[in-house]
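Engineer: mmCIF, C-alpha atoms, saved as start20.cif, coming up:
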data_entry
#
loop_
_atom_site.label_atom_id
_atom_site.label_comp_id
_atom_site.auth_asym_id
_atom_site.auth_seq_id
_atom_site.Cartn_x
_atom_site.Cartn_y
_atom_site.Cartn_z
CA MET A 1 -24.07 22.27 -64.29
CA LEU A 2 -22.73 18.89 -63.09
CA ASP A 3 -19.46 19.51 -64.92
CA ASN A 4 -19.26 22.90 -63.20
CA LEU A 5 -19.80 21.33 -59.77
CA ALA A 6 -17.22 18.62 -60.43
CA ALA A 7 -14.70 21.25 -61.44
CA GLN A 8 -15.25 23.05 -58.12
CA THR A 9 -14.90 19.89 -55.97
CA PRO A 10 -11.28 19.36 -54.88
CA PRO A 11 -9.91 15.92 -55.65
CA PRO A 12 -9.47 13.59 -52.63
CA SER A 13 -6.11 13.82 -50.95
CA PRO A 14 -3.71 11.12 -52.19
CA TRP A 15 -2.78 8.41 -49.71
CA PRO A 16 0.66 9.22 -48.24
CA PRO A 17 3.15 6.95 -50.05
CA ALA A 18 5.31 6.60 -46.93
CA TYR A 19 2.49 4.97 -44.94
CA PRO A 20 2.91 1.24 -44.12
CA ASP A 21 1.42 -1.52 -46.28
CA GLY A 22 -0.33 -3.22 -43.40
CA TYR A 23 -0.94 -3.26 -39.66
CA ALA A 24 -1.30 -5.83 -36.87
CA VAL A 25 -3.55 -4.46 -34.14
CA VAL A 26 -2.55 -6.28 -30.97
CA ASP A 27 -3.83 -6.65 -27.45
CA VAL A 28 -2.33 -8.84 -24.73
CA GLU A 29 -3.68 -9.55 -21.27
CA THR A 30 -1.07 -10.33 -18.65
CA THR A 31 -0.44 -11.54 -15.10
CA GLY A 32 0.79 -8.05 -14.18
CA LEU A 33 2.94 -5.18 -15.37
CA GLY A 34 6.52 -6.20 -14.50
CA ARG A 35 9.37 -7.84 -16.38
CA ASP A 36 8.65 -11.21 -14.71
CA ASP A 37 4.98 -11.15 -15.65
CA ARG A 38 3.53 -13.31 -18.40
CA ILE A 39 0.95 -13.14 -21.17
CA VAL A 40 -2.35 -14.94 -20.47
CA SER A 41 -4.07 -14.14 -23.78
CA ALA A 42 -3.23 -12.49 -27.08
CA ALA A 43 -5.25 -11.25 -30.04
CA VAL A 44 -4.38 -9.80 -33.43
CA TYR A 45 -6.52 -8.03 -36.04
CA ARG A 46 -4.70 -7.77 -39.36
CA LEU A 47 -5.50 -4.63 -41.35
CA ASP A 48 -4.58 -3.59 -44.87
CA ALA A 49 -2.81 -0.35 -45.79
CA ARG A 50 -5.99 1.71 -45.30
CA GLY A 51 -7.07 0.09 -42.08
CA GLU A 52 -9.65 -2.38 -43.41
CA VAL A 53 -9.89 -5.64 -41.45
CA GLN A 54 -8.47 -8.69 -43.22
CA ASP A 55 -8.75 -11.31 -40.48
CA HIS A 56 -8.36 -11.85 -36.75
CA TRP A 57 -6.83 -14.39 -34.35
CA TYR A 58 -6.99 -15.08 -30.63
CA SER A 59 -5.50 -17.53 -28.14
CA PRO A 60 -5.42 -17.92 -24.38
CA VAL A 61 -1.95 -18.69 -23.00
CA ASN A 62 -1.00 -20.79 -19.99
CA PRO A 63 1.46 -18.60 -18.03
CA LEU A 64 2.56 -21.48 -15.76
CA ARG A 65 1.90 -19.27 -12.76
CA ASP A 66 -0.75 -17.26 -10.91
CA PRO A 67 -2.84 -15.52 -13.62
CA GLY A 68 -2.76 -12.28 -11.63
CA PRO A 69 -5.67 -9.80 -11.86
CA VAL A 70 -8.49 -12.23 -12.71
CA TRP A 71 -11.04 -9.54 -11.86
CA ILE A 72 -9.68 -7.58 -14.85
CA HIS A 73 -9.03 -10.14 -17.60
CA GLY A 74 -11.40 -12.84 -16.32
CA LEU A 75 -8.99 -15.74 -16.94
CA THR A 76 -8.64 -18.10 -13.98
CA SER A 77 -6.01 -20.79 -13.43
CA ALA A 78 -8.62 -23.45 -14.20
CA MET A 79 -9.52 -21.76 -17.49
CA LEU A 80 -5.86 -21.54 -18.52
CA ALA A 81 -4.80 -25.02 -17.37
CA ASP A 82 -5.28 -26.57 -20.83
CA ALA A 83 -4.33 -23.48 -22.82
CA PRO A 84 -1.17 -23.64 -24.98
CA LEU A 85 2.13 -22.34 -23.65
CA PHE A 86 3.53 -19.27 -25.36
CA PRO A 87 6.18 -21.22 -27.35
CA GLU A 88 3.33 -23.29 -28.79
CA ILE A 89 1.60 -20.24 -30.27
CA ALA A 90 4.74 -18.21 -31.05
CA ASP A 91 4.83 -19.23 -34.72
CA GLN A 92 1.12 -18.58 -35.28
CA LEU A 93 1.45 -15.16 -33.71
CA ALA A 94 4.64 -14.36 -35.63
CA GLU A 95 2.89 -15.20 -38.91
CA ARG A 96 0.28 -12.54 -38.14
CA LEU A 97 2.82 -9.91 -37.10
CA ALA A 98 5.32 -10.40 -39.93
CA GLY A 99 5.72 -7.51 -42.35
CA ARG A 100 3.29 -5.27 -40.48
CA VAL A 101 3.42 -2.35 -38.08
CA LEU A 102 2.32 -3.41 -34.61
CA VAL A 103 -0.53 -1.16 -33.42
CA ALA A 104 -1.57 -1.10 -29.77
CA HIS A 105 -3.01 1.21 -27.14
CA ASN A 106 0.05 2.01 -24.99
CA ALA A 107 2.15 0.07 -27.49
CA VAL A 108 5.35 0.07 -25.45
CA PHE A 109 3.64 -2.23 -22.94
CA ASP A 110 2.31 -4.75 -25.48
CA TRP A 111 5.61 -4.76 -27.36
CA SER A 112 7.64 -5.22 -24.16
CA MET A 113 5.52 -8.18 -23.06
CA LEU A 114 5.75 -9.79 -26.52
CA ALA A 115 9.51 -9.20 -26.78
CA ARG A 116 10.06 -10.84 -23.39
CA GLU A 117 7.88 -13.84 -24.21
CA TYR A 118 9.70 -14.39 -27.51
CA ALA A 119 13.05 -14.02 -25.74
CA ARG A 120 12.02 -16.64 -23.17
CA ALA A 121 11.06 -18.89 -26.09
CA ARG A 122 14.55 -18.30 -27.55
CA SER A 123 13.02 -16.54 -30.53
CA VAL A 124 12.37 -13.05 -31.90
CA ALA A 125 9.09 -11.37 -32.77
CA PRO A 126 9.12 -10.30 -36.45
CA VAL A 127 8.21 -6.70 -35.67
CA GLU A 128 10.25 -3.77 -36.90
CA GLN A 129 7.99 -0.85 -35.98
CA ARG A 130 5.14 -0.08 -33.63
CA LEU A 131 2.49 2.64 -33.50
CA CYS A 132 0.83 3.73 -30.27
CA THR A 133 -2.78 4.87 -30.69
CA ILE A 134 -2.45 7.07 -27.60
CA VAL A 135 0.38 8.99 -29.27
CA LEU A 136 -1.57 9.15 -32.55
CA ALA A 137 -4.66 10.50 -30.75
CA LYS A 138 -2.53 13.21 -29.15
CA GLU A 139 -0.96 14.19 -32.48
CA LEU A 140 -4.43 14.34 -34.07
CA ARG A 141 -5.57 16.47 -31.09
CA LEU A 142 -8.71 14.40 -30.66
CA PRO A 143 -11.04 15.95 -28.05
CA LEU A 144 -10.79 13.13 -25.51
CA ALA A 145 -11.39 13.46 -21.78
CA ASN A 146 -8.50 11.05 -21.25
CA HIS A 147 -6.54 8.55 -23.29
CA LYS A 148 -8.18 5.33 -22.13
CA LEU A 149 -9.31 2.90 -24.81
CA GLU A 150 -12.94 3.37 -23.83
CA SER A 151 -12.64 7.13 -24.44
CA LEU A 152 -11.16 6.60 -27.90
CA ALA A 153 -13.87 4.04 -28.66
CA ALA A 154 -16.65 6.39 -27.50
CA HIS A 155 -15.23 9.20 -29.64
CA TYR A 156 -15.67 7.09 -32.77
CA GLY A 157 -18.89 5.39 -31.63
CA VAL A 158 -17.28 1.96 -31.34
CA GLU A 159 -19.11 -0.42 -28.99
CA GLN A 160 -17.11 -2.22 -26.34
CA ARG A 161 -18.60 -5.63 -25.60
CA ARG A 162 -16.03 -7.28 -23.29
CA ALA A 163 -13.54 -4.79 -21.91
CA HIS A 164 -10.15 -6.35 -21.08
CA HIS A 165 -10.84 -9.41 -23.22
CA ALA A 166 -7.92 -9.42 -25.67
CA LEU A 167 -10.02 -10.24 -28.75
CA ASP A 168 -12.65 -7.59 -28.09
CA ASP A 169 -10.09 -4.95 -27.10
CA ALA A 170 -8.20 -5.66 -30.35
CA ARG A 171 -11.46 -5.37 -32.33
CA VAL A 172 -12.36 -2.09 -30.66
CA LEU A 173 -8.90 -0.69 -31.29
CA ALA A 174 -8.93 -1.81 -34.93
CA GLU A 175 -12.26 -0.04 -35.50
CA ALA A 176 -11.03 3.12 -33.73
CA PHE A 177 -7.64 3.08 -35.46
CA ARG A 178 -9.09 3.11 -38.98
CA PRO A 179 -10.72 6.60 -38.74
CA SER A 180 -7.62 7.92 -36.94
CA LEU A 181 -5.46 6.58 -39.77
CA HIS A 182 -7.67 8.29 -42.36
CA LEU A 183 -7.60 11.58 -40.44
CA ALA A 184 -3.80 11.43 -40.36
CA ALA A 185 -3.63 10.59 -44.06
CA ALA A 186 -5.98 13.46 -45.01
CA ALA A 187 -3.80 15.86 -43.03
CA GLY A 188 -0.58 14.45 -44.49
CA LEU A 189 0.56 13.75 -40.93
CA PRO A 190 3.61 11.49 -40.57
CA LEU A 191 2.63 8.49 -38.48
CA PRO A 192 4.37 8.23 -35.07
CA LEU A 193 6.26 5.03 -35.84
CA HIS A 194 8.87 3.73 -33.39
CA THR A 195 11.53 1.14 -34.02
CA CYS A 196 11.08 -2.13 -32.13
CA ARG A 197 14.31 -3.58 -30.83
CA PRO A 198 14.12 -7.27 -29.88
CA LEU A 199 15.77 -8.44 -26.69
CA THR A 200 19.23 -9.86 -27.28
CA GLU A 201 19.79 -10.86 -23.66
CA TRP A 202 17.39 -12.37 -21.19
CA VAL A 203 18.15 -13.54 -17.66
CA ASP A 204 15.36 -15.79 -16.45
CA GLY A 205 17.31 -17.63 -13.76
CA SER A 206 16.18 -21.02 -15.02
CA ASP A 207 13.55 -22.75 -17.13
CA THR A 208 11.44 -23.45 -14.06
CA VAL A 209 8.24 -21.66 -13.17
CA PRO A 210 9.18 -18.07 -12.25
CA SER A 211 8.21 -16.96 -8.78
CA PRO A 212 6.25 -13.75 -8.23
CA ARG A 213 8.34 -10.79 -7.12
CA PRO A 214 8.95 -10.67 -3.35
CA GLY A 215 5.94 -9.12 -1.67
CA ALA A 216 3.87 -9.28 -4.87
CA SER A 217 0.17 -9.12 -4.21
CA TYR A 218 -2.63 -9.67 -6.66
CA GLY A 219 -5.49 -8.10 -4.75
CA PRO A 220 -7.64 -5.51 -6.59
CA GLY A 221 -5.86 -2.63 -4.86
CA SER A 222 -2.43 -3.73 -6.03
CA TYR A 223 -2.90 -3.60 -9.79
CA ARG A 224 -2.40 -0.27 -11.52
CA ALA A 225 -3.91 -0.10 -15.01
CA THR A 226 -2.61 3.41 -15.62
CA GLY A 227 1.01 2.58 -16.40
CA TRP A 228 2.85 -0.22 -18.13
CA ARG A 229 5.58 -0.60 -15.54
CA PRO A 230 5.00 -1.32 -11.84
CA ALA A 231 6.34 1.04 -9.23
CA ARG A 232 9.78 -0.18 -8.22
CA LYS A 233 11.62 1.48 -5.40
CA ARG A 234 15.37 1.43 -5.89
CA PRO A 235 17.82 2.10 -3.08
CA SER A 236 19.06 5.67 -2.92
CA CYS A 237 22.38 6.25 -4.63
CA PRO A 238 24.91 6.85 -1.82
CA TYR A 239 27.30 8.89 -3.96
CA PRO A 240 27.12 12.59 -4.95
CA ASN A 241 26.57 13.43 -8.58
CA PRO A 242 30.00 14.17 -10.11
CA GLY A 243 28.46 15.90 -13.12
CA ARG A 244 28.13 15.05 -16.77
CA LEU A 245 29.81 12.28 -18.68
CA ALA A 246 32.90 13.63 -20.47
CA PRO A 247 33.14 12.94 -24.24
CA ASP A 248 35.85 10.31 -23.77
CA GLY A 249 35.51 9.87 -20.05
CA PRO A 250 34.37 6.97 -17.88
CA LEU A 251 31.16 6.58 -15.96
CA VAL A 252 31.67 7.63 -12.35
CA GLN A 253 29.69 6.43 -9.37
CA GLY A 254 26.93 8.88 -8.53
CA MET A 255 26.25 9.90 -12.13
CA ARG A 256 22.57 10.31 -13.00
CA VAL A 257 21.68 8.01 -15.91
CA ALA A 258 18.39 8.07 -17.81
CA PHE A 259 17.19 5.56 -20.41
CA SER A 260 14.88 6.10 -23.38
CA GLY A 261 13.48 3.84 -26.08
CA ASP A 262 13.95 0.16 -26.78
CA THR A 263 17.08 -1.66 -25.69
CA GLY A 264 18.50 -5.00 -26.73
CA ILE A 265 19.09 -5.91 -23.09
CA ASP A 266 15.92 -5.82 -21.03
CA ARG A 267 15.52 -2.26 -19.69
CA GLU A 268 15.09 -3.26 -16.07
CA LEU A 269 18.15 -5.48 -16.28
CA LEU A 270 20.18 -2.53 -17.59
CA GLU A 271 18.83 -0.35 -14.79
CA ASP A 272 19.69 -3.03 -12.21
CA ARG A 273 23.26 -3.18 -13.51
CA ALA A 274 23.56 0.60 -13.41
CA THR A 275 22.30 0.68 -9.82
CA ASP A 276 24.65 -2.13 -8.78
CA ALA A 277 27.55 -0.16 -10.28
CA GLY A 278 26.76 2.85 -8.08
CA LEU A 279 24.94 4.97 -10.67
CA HIS A 280 21.74 6.88 -10.03
CA VAL A 281 18.98 5.68 -12.37
CA ALA A 282 16.80 8.69 -13.13
CA SER A 283 13.23 8.48 -14.43
CA SER A 284 13.48 11.76 -16.35
CA VAL A 285 16.02 14.10 -17.91
CA SER A 286 16.97 17.39 -16.26
CA ARG A 287 19.97 19.72 -16.21
CA LEU A 288 21.46 17.42 -13.57
CA THR A 289 21.36 14.32 -15.79
CA SER A 290 24.85 13.02 -16.48
CA VAL A 291 23.98 10.98 -19.57
CA LEU A 292 21.01 9.73 -21.57
CA VAL A 293 21.24 6.19 -22.93
CA THR A 294 19.20 5.67 -26.11
CA ASN A 295 19.52 3.84 -29.41
CA ASP A 296 17.38 6.50 -31.10
CA PRO A 297 18.74 9.96 -30.14
CA ASP A 298 16.59 11.77 -32.73
CA SER A 299 13.31 10.33 -31.45
CA PRO A 300 10.50 12.67 -30.29
CA THR A 301 10.31 11.15 -26.79
CA SER A 302 10.28 13.68 -23.95
CA LYS A 303 13.63 12.44 -22.62
CA ALA A 304 15.34 12.78 -26.01
CA VAL A 305 13.82 16.23 -26.53
CA LYS A 306 14.97 17.41 -23.11
CA ALA A 307 18.44 15.95 -23.67
CA ARG A 308 18.76 18.05 -26.84
CA GLN A 309 17.38 21.08 -25.01
CA PHE A 310 19.84 20.73 -22.09
CA ALA A 311 22.76 19.53 -24.27
CA THR A 312 22.87 16.39 -22.13
CA PRO A 313 25.47 13.84 -23.30
CA VAL A 314 23.82 10.99 -25.23
CA ILE A 315 25.29 7.53 -25.82
CA ASP A 316 23.87 4.32 -27.25
CA GLU A 317 23.32 1.05 -25.44
CA ALA A 318 26.49 -0.58 -26.78
CA ARG A 319 28.67 2.28 -25.53
CA PHE A 320 26.91 2.30 -22.16
CA THR A 321 27.36 -1.44 -21.58
CA GLU A 322 31.04 -1.08 -22.49
CA LEU A 323 31.50 1.82 -20.03
CA LEU A 324 29.58 -0.11 -17.40
CA LYS A 325 32.40 -2.66 -17.27
CA ALA A 326 34.76 -0.11 -15.69
CA VAL A 327 32.84 2.44 -13.61
CA THR A 328 35.22 4.76 -11.74
CA PRO A 329 34.71 4.81 -7.95
CA ALA A 330 33.33 8.01 -6.44
CA ALA A 331 35.83 10.41 -4.92
CA GLY A 332 37.05 9.04 -1.61
CA VAL A 333 35.84 5.53 -2.41
CA HIS A 334 38.49 2.88 -2.97
CA GLY A 335 37.94 -0.39 -4.75
#
So that I can check it, write out the structure of this file as structure tokens.

Structural biologist:
Amino acid sequence: MLDNLAAQTPPPSPWPPAYPDGYAVVDVETTGLGRDDRIVSAAVYRLDARGEVQDHWYSPVNPLRDPGPVWIHGLTSAMLADAPLFPEIADQLAERLAGRVLVAHNAVFDWSMLAREYARARSVAPVEQRLCTIVLAKELRLPLANHKLESLAAHYGVEQRRAHHALDDARVLAEAFRPSLHLAAAAGLPLPLHTCRPLTEWVDGSDTVPSPRPGASYGPGSYRATGWRPARKRPSCPYPNPGRLAPDGPLVQGMRVAFSGDTGIDRELLEDRATDAGLHVASSVSRLTSVLVTNDPDSPTSKAVKARQFATPVIDEARFTELLKAVTPAAGVHG
């Protein structure tokens, strides 16, 4: 009878061989959401190939500036005064990231903050790929009311003890990531891995304490936890859109340029240069987009998908920066 039952029970699904060998679940708390903001604490849970916890690490970080939304992360200037500077923990953190996929909730934010801190420290984070648990939850079609960390935690029955404390958020995410990983493996679902491109250029102005952005405010009403990048109003492009970038043609003032994915030059710096050159920096891709700049044209991001749908010209960062050196003036503009 037992032999009969065993014969009827399907064998467990094999673990997908293409899955990574290990993960570093990361959470960083920061002074804000912009490119000039700094990390005030960082935590890492290292997991093995099947999501089991191996160890964890945490450190506060002195940002050498206003700590920002204290009412969110709870870290005051006094508490951070004796904390190590980021360059002093960079090697410890790198040791825990090396050889692993970085996992985070809204991973583009955590990766961007880490990449900038390592660039300021004249170093590079040893991360080749990242995985966003928001994207994974969407691909698994989990029945969540929204994609906040607390919703993912509640779905799996994971208790949050200190929300917005880097160590506890990393623990919660590690515990919620493991069942998601196993669901994906059982379904044979390819993991949504994205290449991490370290910053190759950083303009910090100087090695002195960076000043907050003009008009920056750190009152409770000014901090938006819903997006990784702060709202930034750019001046309107004064030139009409001349159309799409020709295969061998130059950039022309007024062209609508969109960016997608990681860039070696800080994204906002690239956007600033495009604006200064008279280009229109677009936040999305439409039929009016002149060109999409991306180092990963086959990625599943919405901009890349729409570019393929609309047959929008696509160039990589290196080509864009080369074209940016000689932008053609708009019709009727001399100079």

Engineer: Determine the residue set returned by the PyMOL selection byres ((chain A and resi 128) around 10) for the present structure, and present it as a CSV table (one decimal) with C-alpha atoms, in the frame of the given file.

Structural biologist:
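Below you can see result.csv, which holds the result:
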chain,number,residue,atom,x,y,z
A,97,LEU,CA,2.8,-9.9,-37.1
A,98,ALA,CA,5.3,-10.4,-39.9
A,99,GLY,CA,5.7,-7.5,-42.4
A,100,ARG,CA,3.3,-5.3,-40.5
A,101,VAL,CA,3.4,-2.4,-38.1
A,102,LEU,CA,2.3,-3.4,-34.6
A,125,ALA,CA,9.1,-11.4,-32.8
A,126,PRO,CA,9.1,-10.3,-36.4
A,127,VAL,CA,8.2,-6.7,-35.7
A,129,GLN,CA,8.0,-0.8,-36.0
A,130,ARG,CA,5.1,-0.1,-33.6
A,193,LEU,CA,6.3,5.0,-35.8
A,194,HIS,CA,8.9,3.7,-33.4
A,195,THR,CA,11.5,1.1,-34.0
A,196,CYS,CA,11.1,-2.1,-32.1
A,197,ARG,CA,14.3,-3.6,-30.8
A,198,PRO,CA,14.1,-7.3,-29.9

Engineer: Residues at most 7 Å from Arg256 of chain A, counting all atoms listed in the file, excluding those fewer than 3 positions away in the same chain, as number ranges by chain?

Structural biologist: A: 241, 279-282, 289-291

Engineer: With C-alpha atoms retained, could you export that selection as a PDB file, in the coordinates of the input?

Structural biologist:
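Result saved to again_25.pdb:
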ATOM      1  CA  ASN A 241      26.570  13.430  -8.580  1.00  0.00           C
ATOM      2  CA  LEU A 279      24.940   4.970 -10.670  1.00  0.00           C
ATOM      3  CA  HIS A 280      21.740   6.880 -10.030  1.00  0.00           C
ATOM      4  CA  VAL A 281      18.980   5.680 -12.370  1.00  0.00           C
ATOM      5  CA  ALA A 282      16.800   8.690 -13.130  1.00  0.00           C
ATOM      6  CA  THR A 289      21.360  14.320 -15.790  1.00  0.00           C
ATOM      7  CA  SER A 290      24.850  13.020 -16.480  1.00  0.00           C
ATOM      8  CA  VAL A 291      23.980  10.980 -19.570  1.00  0.00           C
TER       9      VAL A 291
END

Engineer: Measure the distance from atom CA of Ile134 of chain A to atom CA of Tyr156 of chain A in Å and round it to one decimal.

Structural biologist: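 About the pair atom CA of Ile134 of chain A and atom CA of Tyr156 of chain A: they are 14.2 Å apart.
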
Engineer: For segment 177-194 of chain A, what centre and edge lengths in Å (one decimal) does the axis-aligned box get once 6 Å is added on each side of all its listed atoms, as JSON?

Structural biologist:
{"center_x": -0.9, "center_y": 9.5, "center_z": -39.2, "size_x": 31.6, "size_y": 24.8, "size_z": 23.6}

Engineer: Can you tell me, as an NGL selection string, what residues are no more than 10 Å from Leu183 of chain A when counting all atoms listed in the file, ignoring any on the same chain fewer than 6 positions away?

Structural biologist: :A and (140 or 177 or 189)

Engineer: Determine the nearest neighbour of Tyr45 of chain A from the options A:Arg178, A:Arg162, A:Arg267, A:Arg171, counting only C-alpha atoms.

Structural biologist: A:Arg171

Engineer: Mind telling me what the PyMOL selection byres ((chain A and resi 137) around 10) catches here, as a ChimeraX atom specification?

Structural biologist: /A:132-136,138-144,147,152,177,180-181,184

Engineer: Taking the file as I've supplied it (selection: the PyMOL selection byres ((chain A and resi 248) around 12)), which residues are included? Please answer as a list in words.

Structural biologist: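 Going through the file, the PyMOL selection byres ((chain A and resi 248) around 12) ends up selecting Arg244, Leu245, Ala246, Pro247, Gly249, Pro250, Leu251, Pro313, Ile315, Arg319 and Leu323 of chain A.
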
Engineer: Identify which of the residues A:Ile72, A:Ala42, A:Leu191, A:Val108 lies closest to Ala90 of chain A, counting all atoms listed in the file when measuring atom-to-atom distances.

Structural biologist: A:Ala42

Engineer: Could you tell me how far atom CA of Val158 of chain A lies from atom CA of Pro67 of chain A, in Å and to one decimal?

Structural biologist: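 These atoms are spaced 28.8 Å apart.
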
Engineer: Atom CA of Asp298 of chain A to atom CA of Val285 of chain A: how many Å, to one decimal?

Structural biologist: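 That distance, rounded to one decimal, is 15.0 Å.
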
Engineer: What would the list of residues within 8 Å of (-7.0, -14.4, -36.3) (file frame) look like as a list in words, if only C-alpha atoms are what count?

Structural biologist: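 Those residues, ordered by chain and then number, are Ala43, Val44, Tyr45, Arg46, Asp55, His56, Trp57, Tyr58 and Arg96 of chain A.
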
Engineer: When distances are computed from all atoms listed in the file, which of A:Val40, A:Val252, A:Val28, A:Val103 shows the smallest separation from Pro60 of chain A?

Structural biologist: A:Val40

Engineer: Using all atoms listed in the file, determine which residues lie at most 12 Å from Ser59 of chain A, disregarding the query and same-chain residues fewer than 3 positions distant; provide the list as an MDAnalysis selection string.

Structural biologist: chainID A and resid 26:29 39:44 56 62 75 80 82:86 88:90 92:93 165:167

Engineer: Counting all atoms listed in the file, write as a PDB file with C-alpha atoms, in the coordinates of the input all protein and nucleic acid residues lying at most 12 Å from (30.8, -3.8, -19.1) in the file's frame.

Structural biologist:
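Produced file result.pdb, reproduced below:
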ATOM      1  CA  PRO A 250      34.370   6.970 -17.880  1.00  0.00           C
ATOM      2  CA  LEU A 251      31.160   6.580 -15.960  1.00  0.00           C
ATOM      3  CA  LEU A 270      20.180  -2.530 -17.590  1.00  0.00           C
ATOM      4  CA  ARG A 273      23.260  -3.180 -13.510  1.00  0.00           C
ATOM      5  CA  ALA A 274      23.560   0.600 -13.410  1.00  0.00           C
ATOM      6  CA  ALA A 277      27.550  -0.160 -10.280  1.00  0.00           C
ATOM      7  CA  GLU A 317      23.320   1.050 -25.440  1.00  0.00           C
ATOM      8  CA  ALA A 318      26.490  -0.580 -26.780  1.00  0.00           C
ATOM      9  CA  ARG A 319      28.670   2.280 -25.530  1.00  0.00           C
ATOM     10  CA  PHE A 320      26.910   2.300 -22.160  1.00  0.00           C
ATOM     11  CA  THR A 321      27.360  -1.440 -21.580  1.00  0.00           C
ATOM     12  CA  GLU A 322      31.040  -1.080 -22.490  1.00  0.00           C
ATOM     13  CA  LEU A 323      31.500   1.820 -20.030  1.00  0.00           C
ATOM     14  CA  LEU A 324      29.580  -0.110 -17.400  1.00  0.00           C
ATOM     15  CA  LYS A 325      32.400  -2.660 -17.270  1.00  0.00           C
ATOM     16  CA  ALA A 326      34.760  -0.110 -15.690  1.00  0.00           C
ATOM     17  CA  VAL A 327      32.840   2.440 -13.610  1.00  0.00           C
TER      18      VAL A 327
END

Engineer: Could you list, as a PDB file with C-alpha atoms, keeping the file's coordinate frame, every residue within 9 Å of Val314 of chain A, counting only C-alpha atoms and ignoring same-chain residues fewer than 2 positions away?

Structural biologist:
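That gives us around.pdb:
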ATOM      1  CA  LEU A 245      29.810  12.280 -18.680  1.00  0.00           C
ATOM      2  CA  VAL A 291      23.980  10.980 -19.570  1.00  0.00           C
ATOM      3  CA  LEU A 292      21.010   9.730 -21.570  1.00  0.00           C
ATOM      4  CA  VAL A 293      21.240   6.190 -22.930  1.00  0.00           C
ATOM      5  CA  THR A 294      19.200   5.670 -26.110  1.00  0.00           C
ATOM      6  CA  PRO A 297      18.740   9.960 -30.140  1.00  0.00           C
ATOM      7  CA  ALA A 304      15.340  12.780 -26.010  1.00  0.00           C
ATOM      8  CA  ALA A 307      18.440  15.950 -23.670  1.00  0.00           C
ATOM      9  CA  ARG A 308      18.760  18.050 -26.840  1.00  0.00           C
ATOM     10  CA  ALA A 311      22.760  19.530 -24.270  1.00  0.00           C
ATOM     11  CA  THR A 312      22.870  16.390 -22.130  1.00  0.00           C
ATOM     12  CA  ASP A 316      23.870   4.320 -27.250  1.00  0.00           C
TER      13      ASP A 316
END
